[in-house]
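Q: Got work-v8.csv for you, CSV, C-alpha atoms:
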```
chain,number,residue,atom,x,y,z
Z,1,MET,CA,-11.7,-43.5,-37.6
Z,2,LEU,CA,-13.3,-45.1,-34.5
Z,3,GLY,CA,-13.8,-41.8,-32.7
Z,4,VAL,CA,-12.1,-42.9,-29.5
Z,5,PRO,CA,-9.3,-41.1,-27.5
Z,6,ARG,CA,-5.7,-42.1,-27.8
Z,7,ASP,CA,-5.8,-43.7,-24.4
Z,8,ALA,CA,-9.0,-45.6,-24.9
Z,9,ASP,CA,-9.1,-49.1,-23.3
Z,10,ALA,CA,-10.0,-52.3,-25.1
Z,11,LYS,CA,-13.6,-52.2,-24.1
Z,12,ALA,CA,-14.1,-48.6,-25.4
Z,13,ILE,CA,-12.4,-49.6,-28.7
Z,14,ARG,CA,-14.6,-52.7,-29.0
Z,15,ASP,CA,-17.8,-50.9,-28.2
Z,16,ALA,CA,-17.0,-48.1,-30.7
Z,17,PHE,CA,-16.2,-50.5,-33.4
Z,18,ARG,CA,-19.4,-52.6,-32.9
Z,19,THR,CA,-21.6,-49.4,-32.9
Z,20,LEU,CA,-20.0,-48.1,-36.1
Z,21,ALA,CA,-19.9,-51.5,-37.8
Z,22,LEU,CA,-23.6,-52.0,-37.2
Z,23,ARG,CA,-24.3,-48.5,-38.6
Z,24,TYR,CA,-22.2,-49.0,-41.8
Z,25,HIS,CA,-22.7,-52.8,-42.4
Z,26,PRO,CA,-23.5,-53.1,-46.2
Z,27,ASP,CA,-26.4,-55.4,-45.5
Z,28,ARG,CA,-28.0,-52.5,-43.5
Z,29,ASN,CA,-26.6,-49.3,-45.0
Z,30,LYS,CA,-27.1,-49.0,-48.8
Z,31,GLU,CA,-25.6,-45.5,-49.1
Z,32,PRO,CA,-22.7,-45.1,-51.5
Z,33,GLY,CA,-19.4,-45.6,-49.8
Z,34,ALA,CA,-20.8,-47.5,-46.8
Z,35,GLU,CA,-19.0,-50.7,-47.6
Z,36,GLU,CA,-15.7,-49.0,-48.0
Z,37,HIS,CA,-16.2,-47.1,-44.8
Z,38,PHE,CA,-17.1,-50.4,-43.1
Z,39,LYS,CA,-13.8,-51.9,-44.3
Z,40,GLU,CA,-11.8,-48.9,-43.0
Z,41,ILE,CA,-13.5,-49.2,-39.6
Z,42,ALA,CA,-12.7,-53.0,-39.4
Z,43,GLU,CA,-9.1,-52.3,-40.3
Z,44,ALA,CA,-8.8,-49.7,-37.6
Z,45,TYR,CA,-10.3,-52.1,-35.1
Z,46,ALA,CA,-7.9,-54.9,-36.3
Z,47,VAL,CA,-5.0,-52.7,-35.5
Z,48,LEU,CA,-6.2,-51.1,-32.2
Z,49,SER,CA,-7.5,-54.4,-30.7
Z,50,ASP,CA,-4.1,-56.0,-30.9
Z,51,ALA,CA,-1.4,-54.8,-28.4
Z,52,ASN,CA,1.5,-55.3,-30.8
Z,53,LYS,CA,-0.2,-53.7,-33.8
Z,54,ARG,CA,-1.4,-50.8,-31.7
Z,55,ALA,CA,2.1,-50.2,-30.4
Z,56,ALA,CA,3.4,-50.2,-34.0
Z,57,TYR,CA,0.7,-47.8,-35.0
Z,58,ASP,CA,1.4,-45.4,-32.1
Z,59,ALA,CA,5.1,-45.4,-33.1
Z,60,GLY,CA,4.8,-45.1,-36.9
Z,61,GLY,CA,1.2,-44.8,-38.0
Z,62,PHE,CA,-1.0,-47.2,-40.0
Z,63,SER,CA,1.7,-48.1,-42.5
Z,64,ALA,CA,3.9,-49.4,-39.7
Z,65,ALA,CA,1.1,-51.7,-38.4
Z,66,GLY,CA,-0.3,-52.7,-41.8
Z,67,VAL,CA,0.0,-56.4,-42.7
Z,68,ALA,CA,-1.7,-58.9,-45.0
Z,69,PRO,CA,-5.5,-59.2,-44.5
Z,70,GLU,CA,-5.2,-62.8,-43.4
Z,71,ASP,CA,-2.9,-61.7,-40.5
Z,72,LEU,CA,-4.6,-58.3,-39.9
Z,73,PHE,CA,-7.9,-60.0,-38.9
Z,74,ALA,CA,-6.5,-63.3,-37.6
Z,75,GLY,CA,-7.2,-62.4,-33.9
Z,76,ILE,CA,-10.7,-61.1,-34.3
Z,77,ASN,CA,-13.7,-63.3,-33.5
Z,78,PHE,CA,-16.3,-61.8,-35.7
Z,79,ASP,CA,-18.8,-64.5,-34.5
Z,80,GLU,CA,-18.6,-63.1,-31.0
Z,81,LEU,CA,-18.6,-59.4,-32.0
Z,82,PHE,CA,-21.7,-59.7,-34.1
Z,83,ARG,CA,-23.6,-62.4,-32.2
Z,84,GLY,CA,-27.4,-61.7,-32.1
Z,85,THR,CA,-27.3,-59.1,-34.9
Z,86,GLY,CA,-28.3,-61.4,-37.8
Z,87,PHE,CA,-25.4,-60.1,-39.9
Z,88,GLY,CA,-22.9,-62.3,-41.8
Z,89,VAL,CA,-20.0,-63.4,-39.6
Z,90,GLY,CA,-17.2,-65.9,-39.4
Z,91,ASP,CA,-15.2,-67.1,-42.3
Z,92,ASN,CA,-17.9,-66.2,-44.8
Z,93,PHE,CA,-17.8,-62.6,-43.4
Z,94,PHE,CA,-14.0,-62.4,-44.0
Z,95,ASP,CA,-14.3,-63.9,-47.4
Z,96,ARG,CA,-17.0,-61.5,-48.5
Z,97,PHE,CA,-15.3,-58.2,-47.4
Z,98,PHE,CA,-11.5,-58.7,-47.3
Z,99,ARG,CA,-10.2,-61.7,-49.2
Z,100,PRO,CA,-9.8,-61.3,-53.0
Z,101,ARG,CA,-12.1,-63.5,-54.9
Z,102,ARG,CA,-10.6,-66.2,-57.0
Z,103,ARG,CA,-11.8,-66.8,-60.5
Z,104,GLY,CA,-13.9,-69.8,-61.0
Z,105,PRO,CA,-17.5,-71.0,-61.8
Z,106,ALA,CA,-20.0,-68.2,-61.8
Z,107,ARG,CA,-21.8,-67.6,-58.6
Z,108,GLY,CA,-25.6,-67.6,-58.6
Z,109,GLU,CA,-27.5,-64.3,-58.1
Z,110,ASP,CA,-28.8,-63.2,-54.7
Z,111,LEU,CA,-32.5,-63.7,-54.0
Z,112,GLU,CA,-34.3,-60.8,-52.2
Z,113,ILE,CA,-37.5,-61.0,-50.2
Z,114,ALA,CA,-39.2,-58.8,-47.6
Z,115,ILE,CA,-41.2,-59.9,-44.6
Z,116,GLU,CA,-43.1,-58.1,-41.9
Z,117,ILE,CA,-42.3,-58.8,-38.2
Z,118,PRO,CA,-44.7,-58.2,-35.3
Z,119,LEU,CA,-43.6,-55.6,-32.7
Z,120,ASP,CA,-43.6,-58.2,-29.9
Z,121,LYS,CA,-41.1,-60.4,-31.8
Z,122,ILE,CA,-38.9,-57.4,-32.6
Z,123,ALA,CA,-38.8,-56.5,-28.9
Z,124,ARG,CA,-37.9,-60.0,-27.7
Z,125,GLY,CA,-36.2,-61.6,-30.8
Z,126,GLY,CA,-37.1,-65.0,-32.0
Z,127,GLU,CA,-37.6,-66.9,-35.3
Z,128,GLU,CA,-39.8,-66.2,-38.3
Z,129,THR,CA,-40.8,-68.6,-40.9
Z,130,VAL,CA,-39.9,-67.6,-44.5
Z,131,ASN,CA,-41.1,-69.3,-47.6
Z,132,THR,CA,-39.1,-68.9,-50.8
Z,133,ARG,CA,-39.7,-70.1,-54.3
Z,134,ARG,CA,-36.4,-70.7,-56.2
Z,135,PRO,CA,-35.1,-72.9,-58.9
Z,136,THR,CA,-33.1,-75.9,-57.6
Z,137,SER,CA,-31.1,-78.6,-59.4
Z,138,CYS,CA,-33.3,-81.2,-60.9
Z,139,SER,CA,-32.9,-84.5,-59.1
Z,140,ALA,CA,-34.0,-86.6,-62.0
Z,141,CYS,CA,-31.2,-85.5,-64.3
Z,142,ARG,CA,-28.8,-84.1,-61.6
Z,143,GLY,CA,-28.9,-80.7,-63.2
Z,144,THR,CA,-27.7,-81.7,-66.7
Z,145,GLY,CA,-31.1,-81.2,-68.4
Z,146,ALA,CA,-30.6,-84.5,-70.3
Z,147,ALA,CA,-32.9,-87.5,-70.0
Z,148,ALA,CA,-31.8,-90.5,-67.9
Z,149,GLY,CA,-29.1,-92.5,-69.7
Z,150,THR,CA,-28.1,-89.6,-71.9
Z,151,ALA,CA,-25.8,-86.6,-71.6
Z,152,PRO,CA,-25.5,-83.2,-73.2
Z,153,LYS,CA,-23.6,-83.3,-76.5
Z,154,SER,CA,-20.9,-80.9,-77.5
Z,155,CYS,CA,-22.4,-78.3,-79.9
Z,156,ASP,CA,-21.3,-79.0,-83.5
Z,157,ALA,CA,-21.9,-75.4,-84.6
Z,158,CYS,CA,-19.4,-73.8,-82.2
Z,159,HIS,CA,-17.3,-76.9,-81.3
Z,160,GLY,CA,-18.2,-76.6,-77.6
Z,161,SER,CA,-16.9,-73.0,-77.2
Z,162,GLY,CA,-20.4,-71.4,-77.0
Z,163,GLN,CA,-19.2,-68.6,-79.3
Z,164,HIS,CA,-18.8,-67.7,-83.0
Z,165,VAL,CA,-15.8,-65.6,-84.0
Z,166,THR,CA,-15.7,-63.8,-87.3
Z,167,SER,CA,-12.9,-61.6,-88.6
Z,168,ARG,CA,-12.6,-58.8,-91.2
Z,169,ARG,CA,-9.7,-56.7,-92.2
Z,170,ASP,CA,-9.9,-52.9,-91.7
Z,171,GLY,CA,-6.9,-51.3,-93.3
Z,172,GLY,CA,-3.8,-52.7,-91.7
Z,173,MET,CA,-5.8,-54.2,-88.8
Z,174,VAL,CA,-7.8,-57.4,-88.3
Z,175,VAL,CA,-11.0,-56.9,-86.3
Z,176,GLN,CA,-12.6,-59.9,-84.7
Z,177,TYR,CA,-16.3,-60.1,-83.6
Z,178,VAL,CA,-17.3,-62.6,-80.9
Z,179,THR,CA,-21.0,-63.5,-80.7
Z,180,GLU,CA,-23.0,-66.0,-78.8
Z,181,CYS,CA,-23.6,-69.3,-80.6
Z,182,SER,CA,-27.2,-69.2,-81.9
Z,183,VAL,CA,-27.6,-73.0,-81.6
Z,184,CYS,CA,-26.5,-73.7,-78.0
Z,185,HIS,CA,-27.0,-70.1,-76.8
Z,186,GLY,CA,-23.6,-69.9,-75.3
Z,187,ALA,CA,-23.8,-73.2,-73.3
Z,188,GLY,CA,-21.3,-75.1,-75.6
Z,189,SER,CA,-23.5,-78.1,-75.6
Z,190,VAL,CA,-26.9,-79.2,-76.8
Z,191,ILE,CA,-29.5,-81.6,-75.3
Z,192,GLU,CA,-30.9,-84.0,-77.8
Z,193,LYS,CA,-33.2,-85.8,-75.3
Z,194,PRO,CA,-34.4,-83.3,-72.6
Z,195,CYS,CA,-35.3,-84.5,-69.1
Z,196,ALA,CA,-39.1,-84.9,-68.8
Z,197,GLU,CA,-39.0,-83.5,-65.2
Z,198,CYS,CA,-37.3,-80.2,-65.9
Z,199,ARG,CA,-37.8,-80.0,-69.7
Z,200,GLY,CA,-34.1,-79.7,-70.4
Z,201,THR,CA,-33.5,-76.7,-68.1
Z,202,GLY,CA,-31.7,-78.7,-65.4
Z,203,LYS,CA,-33.7,-76.7,-62.8
Z,204,VAL,CA,-37.1,-77.1,-61.1
Z,205,GLN,CA,-39.0,-74.6,-59.0
Z,206,ARG,CA,-39.4,-75.6,-55.4
Z,207,ILE,CA,-40.9,-73.9,-52.3
Z,208,GLU,CA,-38.4,-73.9,-49.4
Z,209,THR,CA,-39.3,-73.1,-45.8
Z,210,LEU,CA,-36.6,-71.5,-43.6
Z,211,GLU,CA,-36.6,-70.3,-40.0
Z,212,VAL,CA,-34.9,-66.8,-39.9
Z,213,LYS,CA,-33.5,-65.5,-36.6
Z,214,ILE,CA,-34.8,-62.0,-35.9
Z,215,PRO,CA,-32.3,-59.9,-33.9
Z,216,ILE,CA,-33.7,-58.0,-30.9
Z,217,GLY,CA,-34.6,-54.5,-31.8
Z,218,ALA,CA,-34.1,-55.0,-35.5
Z,219,GLU,CA,-34.5,-51.6,-37.2
Z,220,GLU,CA,-36.8,-50.9,-40.2
Z,221,GLY,CA,-35.2,-52.1,-43.4
Z,222,THR,CA,-32.6,-54.4,-41.7
Z,223,VAL,CA,-31.3,-56.9,-44.2
Z,224,LEU,CA,-30.3,-60.4,-43.1
Z,225,ARG,CA,-28.1,-62.4,-45.4
Z,226,ILE,CA,-28.4,-66.2,-45.5
Z,227,ALA,CA,-25.5,-67.7,-47.4
Z,228,GLY,CA,-26.2,-70.2,-50.2
Z,229,ARG,CA,-30.0,-69.9,-50.2
Z,230,GLY,CA,-30.3,-67.7,-53.3
Z,231,LEU,CA,-30.5,-68.6,-56.9
Z,232,PRO,CA,-28.3,-71.5,-58.2
Z,233,SER,CA,-25.3,-70.9,-60.4
Z,234,ARG,CA,-25.8,-71.3,-64.2
Z,235,ASP,CA,-22.7,-73.5,-64.0
Z,236,ALA,CA,-23.4,-76.9,-62.4
Z,237,THR,CA,-20.2,-76.6,-60.4
Z,238,GLY,CA,-20.8,-73.0,-59.2
Z,239,THR,CA,-22.1,-71.9,-55.8
Z,240,ALA,CA,-25.6,-70.5,-55.2
Z,241,GLY,CA,-26.1,-66.9,-54.3
Z,242,ASP,CA,-27.4,-65.7,-50.9
Z,243,LEU,CA,-30.9,-65.0,-49.7
Z,244,LEU,CA,-31.4,-61.4,-48.5
Z,245,VAL,CA,-34.3,-61.0,-46.1
Z,246,THR,CA,-35.4,-57.4,-45.5
Z,247,LEU,CA,-37.3,-56.8,-42.3
Z,248,TYR,CA,-40.2,-54.4,-41.9
Z,249,THR,CA,-42.4,-53.7,-38.9
Z,250,ARG,CA,-45.9,-55.2,-39.2
Z,251,PRO,CA,-48.6,-52.5,-38.7
Z,252,ASP,CA,-49.9,-52.6,-35.1
Z,253,SER,CA,-53.2,-51.0,-34.0
Z,254,ARG,CA,-51.7,-50.1,-30.7
Z,255,PHE,CA,-48.5,-48.3,-31.6
Z,256,GLU,CA,-46.7,-46.3,-34.3
Z,257,ARG,CA,-43.0,-47.1,-34.5
Z,258,ARG,CA,-40.4,-44.4,-34.8
Z,259,GLY,CA,-37.0,-46.0,-34.5
Z,260,ALA,CA,-36.8,-47.5,-31.0
Z,261,ASP,CA,-39.6,-45.2,-29.7
Z,262,LEU,CA,-43.3,-46.2,-29.8
Z,263,TRP,CA,-46.2,-43.8,-30.0
Z,264,HIS,CA,-49.8,-44.5,-28.8
Z,265,THR,CA,-52.8,-42.2,-29.1
Z,266,THR,CA,-55.5,-42.2,-26.4
Z,267,LYS,CA,-58.7,-40.3,-26.4
Z,268,LEU,CA,-59.5,-38.1,-23.4
Z,269,PRO,CA,-62.8,-36.6,-22.4
Z,270,VAL,CA,-62.6,-32.8,-22.0
Z,271,ALA,CA,-63.6,-33.0,-18.3
Z,272,ASP,CA,-60.7,-35.5,-17.6
Z,273,ALA,CA,-58.3,-33.1,-19.4
Z,274,ALA,CA,-59.5,-30.2,-17.3
Z,275,LEU,CA,-59.7,-32.0,-13.9
Z,276,GLY,CA,-57.0,-34.6,-14.4
Z,277,THR,CA,-57.4,-38.4,-14.3
Z,278,THR,CA,-55.6,-41.7,-14.6
Z,279,VAL,CA,-55.7,-43.7,-17.9
Z,280,ASP,CA,-54.6,-47.2,-18.8
Z,281,VAL,CA,-52.4,-47.5,-21.8
Z,282,PRO,CA,-50.9,-50.6,-23.6
Z,283,THR,CA,-47.2,-51.3,-23.5
Z,284,LEU,CA,-45.1,-54.2,-24.8
Z,285,ASP,CA,-45.1,-55.5,-21.3
Z,286,GLY,CA,-48.8,-55.2,-20.6
Z,287,ALA,CA,-51.1,-52.4,-19.5
Z,288,ALA,CA,-49.8,-49.5,-17.5
Z,289,SER,CA,-51.6,-46.7,-15.6
Z,290,VAL,CA,-50.6,-43.2,-16.5
Z,291,LYS,CA,-51.5,-40.0,-14.5
Z,292,VAL,CA,-52.9,-37.2,-16.6
Z,293,PRO,CA,-52.4,-33.8,-14.9
Z,294,ALA,CA,-55.2,-31.3,-14.5
Z,295,GLY,CA,-55.3,-28.7,-17.3
Z,296,THR,CA,-53.9,-31.0,-20.0
Z,297,GLN,CA,-54.1,-29.4,-23.4
Z,298,PRO,CA,-55.1,-31.2,-26.7
Z,299,ASP,CA,-52.2,-33.2,-28.3
Z,300,SER,CA,-50.1,-33.1,-25.1
Z,301,VAL,CA,-47.6,-35.9,-24.9
Z,302,LEU,CA,-46.7,-38.0,-21.9
Z,303,GLN,CA,-43.5,-40.0,-21.9
Z,304,LEU,CA,-42.8,-43.4,-20.4
Z,305,SER,CA,-39.1,-43.8,-20.4
Z,306,GLY,CA,-37.6,-47.2,-21.4
Z,307,ARG,CA,-41.0,-48.7,-22.4
Z,308,GLY,CA,-40.3,-48.7,-26.1
Z,309,LEU,CA,-38.2,-51.2,-28.2
Z,310,PRO,CA,-34.7,-52.3,-27.4
Z,311,ARG,CA,-32.1,-50.1,-29.2
Z,312,PHE,CA,-30.6,-52.2,-32.0
Z,313,GLY,CA,-27.0,-53.1,-31.3
Z,314,GLU,CA,-26.9,-50.9,-28.3
Z,315,ARG,CA,-28.0,-50.9,-24.6
Z,316,GLY,CA,-31.3,-49.6,-23.3
Z,317,ARG,CA,-34.7,-49.2,-24.8
Z,318,GLY,CA,-36.6,-46.4,-26.5
Z,319,ASP,CA,-39.6,-44.6,-24.9
Z,320,LEU,CA,-43.3,-45.0,-25.1
Z,321,LEU,CA,-44.9,-41.6,-25.9
Z,322,ILE,CA,-48.6,-41.1,-25.2
Z,323,ARG,CA,-50.4,-38.5,-27.3
Z,324,LEU,CA,-53.5,-37.2,-25.6
Z,325,GLN,CA,-56.4,-36.5,-28.0
Z,326,VAL,CA,-58.9,-34.4,-26.1
Z,327,GLN,CA,-62.5,-35.1,-27.2
Z,328,ILE,CA,-64.9,-32.2,-27.6
Z,329,PRO,CA,-68.5,-33.5,-27.4
Z,330,GLU,CA,-70.5,-33.0,-30.7
Z,331,HIS,CA,-74.0,-33.6,-29.2
Z,332,LEU,CA,-75.0,-32.3,-25.8
Z,333,SER,CA,-78.0,-33.4,-23.7
Z,334,PRO,CA,-80.1,-30.5,-22.3
Z,335,GLU,CA,-78.5,-31.0,-18.9
Z,336,GLU,CA,-74.9,-31.0,-20.4
Z,337,HIS,CA,-75.8,-27.9,-22.4
Z,338,LYS,CA,-76.8,-26.0,-19.2
Z,339,LEU,CA,-73.6,-27.1,-17.5
Z,340,TYR,CA,-71.4,-25.8,-20.4
Z,341,GLU,CA,-73.4,-22.5,-20.4
Z,342,ARG,CA,-72.7,-22.2,-16.7
Z,343,LEU,CA,-69.0,-23.0,-17.3
Z,344,ARG,CA,-68.8,-20.3,-20.0
Z,345,SER,CA,-70.4,-17.7,-17.8
Z,346,LEU,CA,-67.9,-18.5,-15.0
Z,347,ALA,CA,-65.0,-18.3,-17.5
Z,348,ARG,CA,-66.1,-14.8,-18.5
Z,349,LYS,CA,-66.1,-13.4,-15.0
```
Using structure tokens, write down the structure that the file contains.

A:
Amino acid sequence: MLGVPRDADAKAIRDAFRTLALRYHPDRNKEPGAEEHFKEIAEAYAVLSDANKRAAYDAGGFSAAGVAPEDLFAGINFDELFRGTGFGVGDNFFDRFFRPRRRGPARGEDLEIAIEIPLDKIARGGEETVNTRRPTSCSACRGTGAAAGTAPKSCDACHGSGQHVTSRRDGGMVVQYVTECSVCHGAGSVIEKPCAECRGTGKVQRIETLEVKIPIGAEEGTVLRIAGRGLPSRDATGTAGDLLVTLYTRPDSRFERRGADLWHTTKLPVADAALGTTVDVPTLDGAASVKVPAGTQPDSVLQLSGRGLPRFGERGRGDLLIRLQVQIPEHLSPEEHKLYERLRSLARK
């Protein structure tokens, strides 16, 4: 599952798990089956990272090492493993993927937004300001929707159930139909005097400003999950959903991004292509001089190793690739025309 040999040491196991976990993390990989594969990888790491569980696995397979999730992952510090990646970690991480959810008040829906990050910030990491507009609990009525000094009243039409149940006999069977109460619309209560601030909804729209931490080398489409900053629950006692922030690369006039590699196009006069020269090109660390060999052909590519973006979740950096666009003059002066005629005659000899 982790792709390591049987005699792999703790560091090799840890590095393999981190690489695979980053690849299949559901906040990043939206392909079908990615979350299930992520769980399997985590379970494999939970066994192999613990000496006793690993010994049991070596002796009798996974069934011999299998224990309850609370014990299986007890010794793993997810905060340390995923530090700097921007993915959900800690207790919230375990709750989300491995602990069965208990029934209770409905959770609010997740809120999704997309932001563009400049290349320099992707290269070095940092924080980006995000503005979200979401409904929050009305402070005037404390989310009840009722005016001050009043409270929602139990719906007389459905007696507080929020539903209407009708029955009919079909042969020897009684069929019941359950429909939403048309008076309270399923709430079970009605508001006789609505709050003036929220007009009885219990929610008001507010703009919230957050600082989002950008992981170094974040790939295109990386999703950051911020717990509890999504839409509020319809139930006053329920928890809010999460805010999902999708990261995209802001267009940059200097470079084209392809994964961790950067591409830059520079124009080269035909004489410089033929004779060779030195050109200055931009990099993320400032300008650099690049030697262009004599006889360079149009669309040739020069490579500056390690001058691209940091590789997300891995060591090292991508490359900077310089595409050389040889310029053929469209308009020649009389002197240039004579020189090119002379060059053509020499080329024919």

Q: Given the choices Z:Arg134, Z:Gly318, Z:Trp263, Z:Lys291, which gets closest to Z:Leu275 if the distance is worked out from all atoms listed in the file?

A: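 So, comparing all the options, the nearest one is Z:Lys291.
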
Q: As number ranges by chain, please: the residues near Z:Gln176 (cut-off 7 Å, only C-alpha atoms, same-chain neighbours under 3 positions excluded).

A: Z: 165-168

Q: Output C-alpha atoms for every residue in the selection just made, as a PDB file, in the coordinates of the input.

A:
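Just written: result.pdb:
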```
ATOM      1  CA  VAL Z 165     -15.800 -65.600 -84.000  1.00  0.00           C
ATOM      2  CA  THR Z 166     -15.700 -63.800 -87.300  1.00  0.00           C
ATOM      3  CA  SER Z 167     -12.900 -61.600 -88.600  1.00  0.00           C
ATOM      4  CA  ARG Z 168     -12.600 -58.800 -91.200  1.00  0.00           C
TER       5      ARG Z 168
END
```

Q: With all atoms listed in the file as the basis for distance, which of Z:Ala114, Z:Ala55, Z:Leu2, Z:Ala106 is at the shortest distance from Z:Arg250?

A: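 Checking each of Z:Ala114, Z:Ala55, Z:Leu2, Z:Ala106 against Z:Arg250, counting all atoms listed in the file, the winner is Z:Ala114.
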
Q: At a cut-off of 10 Å from (-39.7, -61.8, -51.4) in the coordinates of the file, what residues are picked up using only C-alpha atoms, written as a PyMOL selection string?

A: chain Z and resi 111-115+130-133+243-246

Q: What does the distance from atom CA of Z:Glu197 to atom CA of Z:Thr136 come to in Å, to one decimal?

A: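 So the answer is 12.3 Å.
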
Q: Between atom CA of Z:Glu256 and atom CA of Z:Val326, what distance in Å does the model show, to one decimal?

A: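 Atom CA of Z:Val326 lies at a distance of 18.9 Å from atom CA of Z:Glu256.
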
Q: Using Å and a single decimal, report how far atom CA of Z:Ala140 sits from atom CA of Z:Gly186.

A: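 Computed distance, atom CA of Z:Gly186 to atom CA of Z:Ala140, equals 23.7 Å.
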
Q: Between Z:Lys193, Z:Ala187, Z:Leu268, Z:Gly125, which residue has the minimum interatomic distance to Z:Pro293, considering only C-alpha atoms?

A: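 Closest to Z:Pro293 of all the choices is Z:Leu268.
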
Q: Have a look at Z:Ala274, Z:Ala157, Z:Cys195, Z:Ala147 and name the one nearest to Z:Glu180; count only C-alpha atoms.

A: Z:Ala157

Q: Just the residues within 10 Å of Z:Ile214, please, counting all atoms listed in the file, with nothing from its chain fewer than 2 positions along; format it as number ranges by chain.

A: Z: 84-86, 117, 121-128, 211-212, 216-218, 222, 224, 247

Q: Based on the selection just made, write C-alpha atoms of those residues as a PDB file, keeping the file's coordinate frame.

A:
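Printed below is result_20.pdb as written:
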```pdb
ATOM      1  CA  GLY Z  84     -27.400 -61.700 -32.100  1.00  0.00           C
ATOM      2  CA  THR Z  85     -27.300 -59.100 -34.900  1.00  0.00           C
ATOM      3  CA  GLY Z  86     -28.300 -61.400 -37.800  1.00  0.00           C
ATOM      4  CA  ILE Z 117     -42.300 -58.800 -38.200  1.00  0.00           C
ATOM      5  CA  LYS Z 121     -41.100 -60.400 -31.800  1.00  0.00           C
ATOM      6  CA  ILE Z 122     -38.900 -57.400 -32.600  1.00  0.00           C
ATOM      7  CA  ALA Z 123     -38.800 -56.500 -28.900  1.00  0.00           C
ATOM      8  CA  ARG Z 124     -37.900 -60.000 -27.700  1.00  0.00           C
ATOM      9  CA  GLY Z 125     -36.200 -61.600 -30.800  1.00  0.00           C
ATOM     10  CA  GLY Z 126     -37.100 -65.000 -32.000  1.00  0.00           C
ATOM     11  CA  GLU Z 127     -37.600 -66.900 -35.300  1.00  0.00           C
ATOM     12  CA  GLU Z 128     -39.800 -66.200 -38.300  1.00  0.00           C
ATOM     13  CA  GLU Z 211     -36.600 -70.300 -40.000  1.00  0.00           C
ATOM     14  CA  VAL Z 212     -34.900 -66.800 -39.900  1.00  0.00           C
ATOM     15  CA  ILE Z 216     -33.700 -58.000 -30.900  1.00  0.00           C
ATOM     16  CA  GLY Z 217     -34.600 -54.500 -31.800  1.00  0.00           C
ATOM     17  CA  ALA Z 218     -34.100 -55.000 -35.500  1.00  0.00           C
ATOM     18  CA  THR Z 222     -32.600 -54.400 -41.700  1.00  0.00           C
ATOM     19  CA  LEU Z 224     -30.300 -60.400 -43.100  1.00  0.00           C
ATOM     20  CA  LEU Z 247     -37.300 -56.800 -42.300  1.00  0.00           C
TER      21      LEU Z 247
END
```

Q: Which of these residues is nearest to Z:Asp15, using all atoms listed in the file: Z:Gly149, Z:Gly3, Z:Pro32, Z:Gly295?

A: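 The answer is Z:Gly3, which sits nearest to Z:Asp15.
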
Q: Using only C-alpha atoms, collect all residues at a distance of at most 9 Å from (-41.0, -45.1, -23.3) as written in the file, then present them as JSON, numbers by chain.

A: {"Z": [261, 262, 263, 283, 303, 304, 305, 306, 307, 308, 309, 317, 318, 319, 320, 321, 322]}

Q: Identify which of the residues Z:Arg323, Z:Pro269, Z:Leu119, Z:Phe312 lies closest to Z:Val290, counting all atoms listed in the file when measuring atom-to-atom distances.

A: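 Nearest to Z:Val290: Z:Arg323.
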